[in-house]
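Shown next, in structure tokens, is the structure this report addresses.
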Amino acid sequence: MLHKRVSLAASPVLLALLWQFRDEPLAVCTCISMLAGLATWCLVPTAATTFKRVGLSGADMSKPARPVLAESMGMVAATIYLVATFLFIPAQFRTSSHYVFPFDRLGEYLSALLSLQSMVFLGFADDVFDLRWRFKLLLPTIASIPVLIVYYVGYGVTHVVVPVFLRPWLGNAVDLGVLYYVYIGLMAVFCTNAINILAGINGVEVGQSIIIALSIIAKDLANVNSGNPAYEYHHLFSLYLLLPFVSVSCALYYWNVYPAKVFVGDTYCYFAGMTFAVCGILGHFSKTLLLLFVPQIFNFVYSAPQIFGLVPCPRHRLPRMVMNPQMKEPESDDSGPETRNLHRTVSTAMRSFARGSKRVKAKLGAHMVASRTGLEGARPLGLTIIRIYERLGLADVERSMDGKLLSVNNLTLLNLVLIRCSRLTERQLNNHVLKDTK
């Protein structure tokens, strides 16, 4: 197998580099991250067999054959990530006789890992027990308490910078006091659930997480040599958490991208969201982090009528896969030999053209369509919002002869893309969404 051969060849090189640069924490983190990615790449297919044997599996509804795939593979990536971050602790906090040990920084790092472990546990519990939404909102709040306490004890900064055009009235900064802690606590809840909401097709959960993580890493690298020691530390802290995250996520994406061999489950979504929240809070760029979540914020606002019960919300809102009718040979045998030969020649030519043209091939095969939900039982406010969406071109509404609203597409970004760009395959839909996320 390719992944095993590459891992066996690369591991000794990475271990040698790890020893060579053992006094450079960032280099050590990079080597450990790459080793974690190789471990994830190798262990996911092995763990998938075990997970399927114990019943943690599900059918891929977006495939014609509906293959049964292992679920909750995000647990494998998250476990290897936590092991990698634990192994990195000695390299990050090596001391000498004339050096005062940074207990405050160790506390920050351990509080981040504690919150991440809590969210991995919640995600796996959701995969196994299918928790209700009230628990999905409550438990992330509890899991973020270690990070909030460390932030309060270590910094306690609660002011936000005011945009330039508002400074004549509000000044350069506004102190939010306790409201700032409410804000970052809600941000932890939002980040953990936002990625979980924007899901449903192969690769989209992991793909959007990789894009967000790489964007933050680019920001960290651009500011890591700013000349301000405290500022540099915050960005290094973010790098130490995100480098192994990107590595294990890329390895998991290899197995989850179309056509998927495994499902990542809610475990990965919560794990990824809390990783971003922790980096934003303890890295002191929680406001900037929200700019990278613009597609997820739009998806949340767009989905709000269904999330809050104003419009009926089915359990699964993922797009549907449909098969196009294939061209067939003429079934009638009443014609003469010349006519039958002509039919056979034309049919063969059309099939050859279909094989040679990607566009025709896509039309002849399976494609995705937006799933729908009935509007019976929808609340008046929900119907009003649907009418507004329809006017803005954000909803495909089915009406009766007398104009009554009958059904609407499920309110997710994936279904919206299918409304605007029809006849997309699952791979094309994933590429469209990830392109919009960049």
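Every chain in the structure tokens has a letter given in the order shown (A, B, ...), and although residue numbers restart at 1 in each chain, ligands are simply numbered from 1 in the order shown.
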
For Asn410 (chain A), work out the shell of residues within 10 Å, counting only C-alpha atoms and skipping chain neighbours fewer than 2 positions away, then give it as a list in words.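 So, after excluding close chain neighbours, the residues are Tyr302, Ser303, Gln306, Val311, Pro312, Cys313, Pro314, His316, Arg317, Leu318, Pro319, Ala370, Ser371, Arg372, Thr373, Gly374, Ala395, Asp396, Ser407, Val408, Thr412, Leu413, Leu414, Asn415 and Leu416 of chain A.
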
Same residues, N, CA and C atoms, saved as a short mmCIF file (atom, residue, chain, number, x, y, z; two decimals), in the first residue's frame:
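Result saved to again.cif:
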```
data_model
loop_
_atom_site.label_atom_id
_atom_site.label_comp_id
_atom_site.auth_asym_id
_atom_site.auth_seq_id
_atom_site.Cartn_x
_atom_site.Cartn_y
_atom_site.Cartn_z
N TYR A 302 -28.58 31.50 7.26
CA TYR A 302 -29.48 30.96 6.24
C TYR A 302 -30.29 29.78 6.78
N SER A 303 -29.68 28.97 7.64
CA SER A 303 -30.35 27.79 8.19
C SER A 303 -31.19 28.09 9.41
N GLN A 306 -34.86 26.83 10.06
CA GLN A 306 -35.01 25.40 10.37
C GLN A 306 -34.39 25.05 11.71
N VAL A 311 -39.41 26.58 10.51
CA VAL A 311 -39.71 25.79 9.32
C VAL A 311 -39.39 24.34 9.65
N PRO A 312 -40.20 23.37 9.21
CA PRO A 312 -39.90 21.97 9.51
C PRO A 312 -38.47 21.60 9.12
N CYS A 313 -37.81 20.87 10.01
CA CYS A 313 -36.40 20.52 9.80
C CYS A 313 -36.24 19.01 9.88
N PRO A 314 -36.01 18.33 8.76
CA PRO A 314 -35.78 16.88 8.82
C PRO A 314 -34.46 16.58 9.49
N HIS A 316 -31.98 14.72 8.39
CA HIS A 316 -30.88 14.85 7.43
C HIS A 316 -31.28 15.85 6.35
N ARG A 317 -30.45 16.87 6.18
CA ARG A 317 -30.73 17.90 5.18
C ARG A 317 -29.74 17.87 4.03
N LEU A 318 -28.98 16.80 3.92
CA LEU A 318 -27.97 16.73 2.88
C LEU A 318 -28.63 16.60 1.50
N PRO A 319 -27.95 17.06 0.45
CA PRO A 319 -28.50 16.95 -0.91
C PRO A 319 -28.76 15.50 -1.30
N ALA A 370 -30.92 19.52 -4.80
CA ALA A 370 -31.24 20.03 -3.47
C ALA A 370 -32.37 19.22 -2.84
N SER A 371 -32.19 18.81 -1.61
CA SER A 371 -33.26 18.13 -0.88
C SER A 371 -34.30 19.16 -0.44
N ARG A 372 -35.51 18.69 -0.19
CA ARG A 372 -36.62 19.60 0.10
C ARG A 372 -37.31 19.18 1.39
N THR A 373 -38.07 20.12 1.94
CA THR A 373 -38.89 19.86 3.11
C THR A 373 -40.25 20.49 2.91
N GLY A 374 -41.29 19.81 3.38
CA GLY A 374 -42.63 20.35 3.29
C GLY A 374 -42.85 21.50 4.26
N ALA A 395 -34.02 30.73 -2.33
CA ALA A 395 -34.85 29.57 -2.03
C ALA A 395 -35.63 29.17 -3.28
N ASP A 396 -35.82 27.87 -3.42
CA ASP A 396 -36.63 27.31 -4.51
C ASP A 396 -37.93 26.82 -3.89
N SER A 407 -43.59 23.49 -0.43
CA SER A 407 -42.30 22.97 0.00
C SER A 407 -41.20 23.94 -0.39
N VAL A 408 -40.03 23.75 0.21
CA VAL A 408 -38.87 24.59 -0.07
C VAL A 408 -37.63 23.72 0.08
N THR A 412 -29.62 25.01 3.61
CA THR A 412 -28.19 24.86 3.86
C THR A 412 -27.43 25.42 2.67
N LEU A 413 -26.18 25.76 2.89
CA LEU A 413 -25.35 26.30 1.82
C LEU A 413 -25.18 25.29 0.70
N LEU A 414 -25.08 24.00 1.03
CA LEU A 414 -24.93 22.98 -0.01
C LEU A 414 -26.13 22.96 -0.94
N ASN A 415 -27.32 23.00 -0.39
CA ASN A 415 -28.52 23.01 -1.22
C ASN A 415 -28.65 24.31 -2.00
N LEU A 416 -28.21 25.42 -1.41
CA LEU A 416 -28.27 26.69 -2.11
C LEU A 416 -27.35 26.68 -3.33
#
```

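Within the 10 Å cut-off around Val83 (chain A), using only C-alpha atoms and omitting residues fewer than 4 positions from it on the same chain, the listed residues are Ile32, Ala36, Ala78, Thr79, Leu87 and Phe88 of chain A.
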
Distance query Leu406 (chain A) at most 7 Å, only C-alpha atoms, self and fewer than 2 positions along chain excluded, as a PyMOL selection string: chain A and resi 374-375+398-400+404

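Between CA of Phe298 (chain A) and CA of Phe237 (chain A) there is a distance of 28.9 Å.
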
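Proximity of A:Leu179, A:Ala277, A:Ala91, A:Leu56 to Trp19 (chain A), computed with only C-alpha atoms, is greatest for A:Ala91.
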
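In this structure, CA of Glu232 (chain A) sits 17.9 Å away from CA of Phe103 (chain A).
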
Within 8 Å of Leu236 (chain A), counting only C-alpha atoms, which residues qualify if same-chain residues fewer than 6 places away don't, as a list in words?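 My list of contacting residues is Leu26, Asp220 and Val224 of chain A.
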
Please produce a file of the residues just selected, as an mmCIF file, in the first residue's frame, where the atoms kept are C-alpha atoms.
```cif
data_model
loop_
_atom_site.group_PDB
_atom_site.id
_atom_site.type_symbol
_atom_site.label_atom_id
_atom_site.label_comp_id
_atom_site.auth_asym_id
_atom_site.auth_seq_id
_atom_site.Cartn_x
_atom_site.Cartn_y
_atom_site.Cartn_z
ATOM 1 C CA LEU A 26 8.912 25.254 16.023
ATOM 2 C CA ASP A 220 0.705 33.575 12.366
ATOM 3 C CA VAL A 224 5.690 35.719 14.355
#
```

Go ahead and compute the interatomic distance for CA of Leu106 (chain A) and CA of Gly177 (chain A), in Å to one decimal.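 Calculated distance between CA of Leu106 (chain A) and CA of Gly177 (chain A) is 25.9 Å.
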
All alpha helix (DSSP H) positions in region 92-191 of chain A, as an NGL selection string: :A and (92 or 103-129 or 133-143 or 145-154 or 167-170 or 178-191)
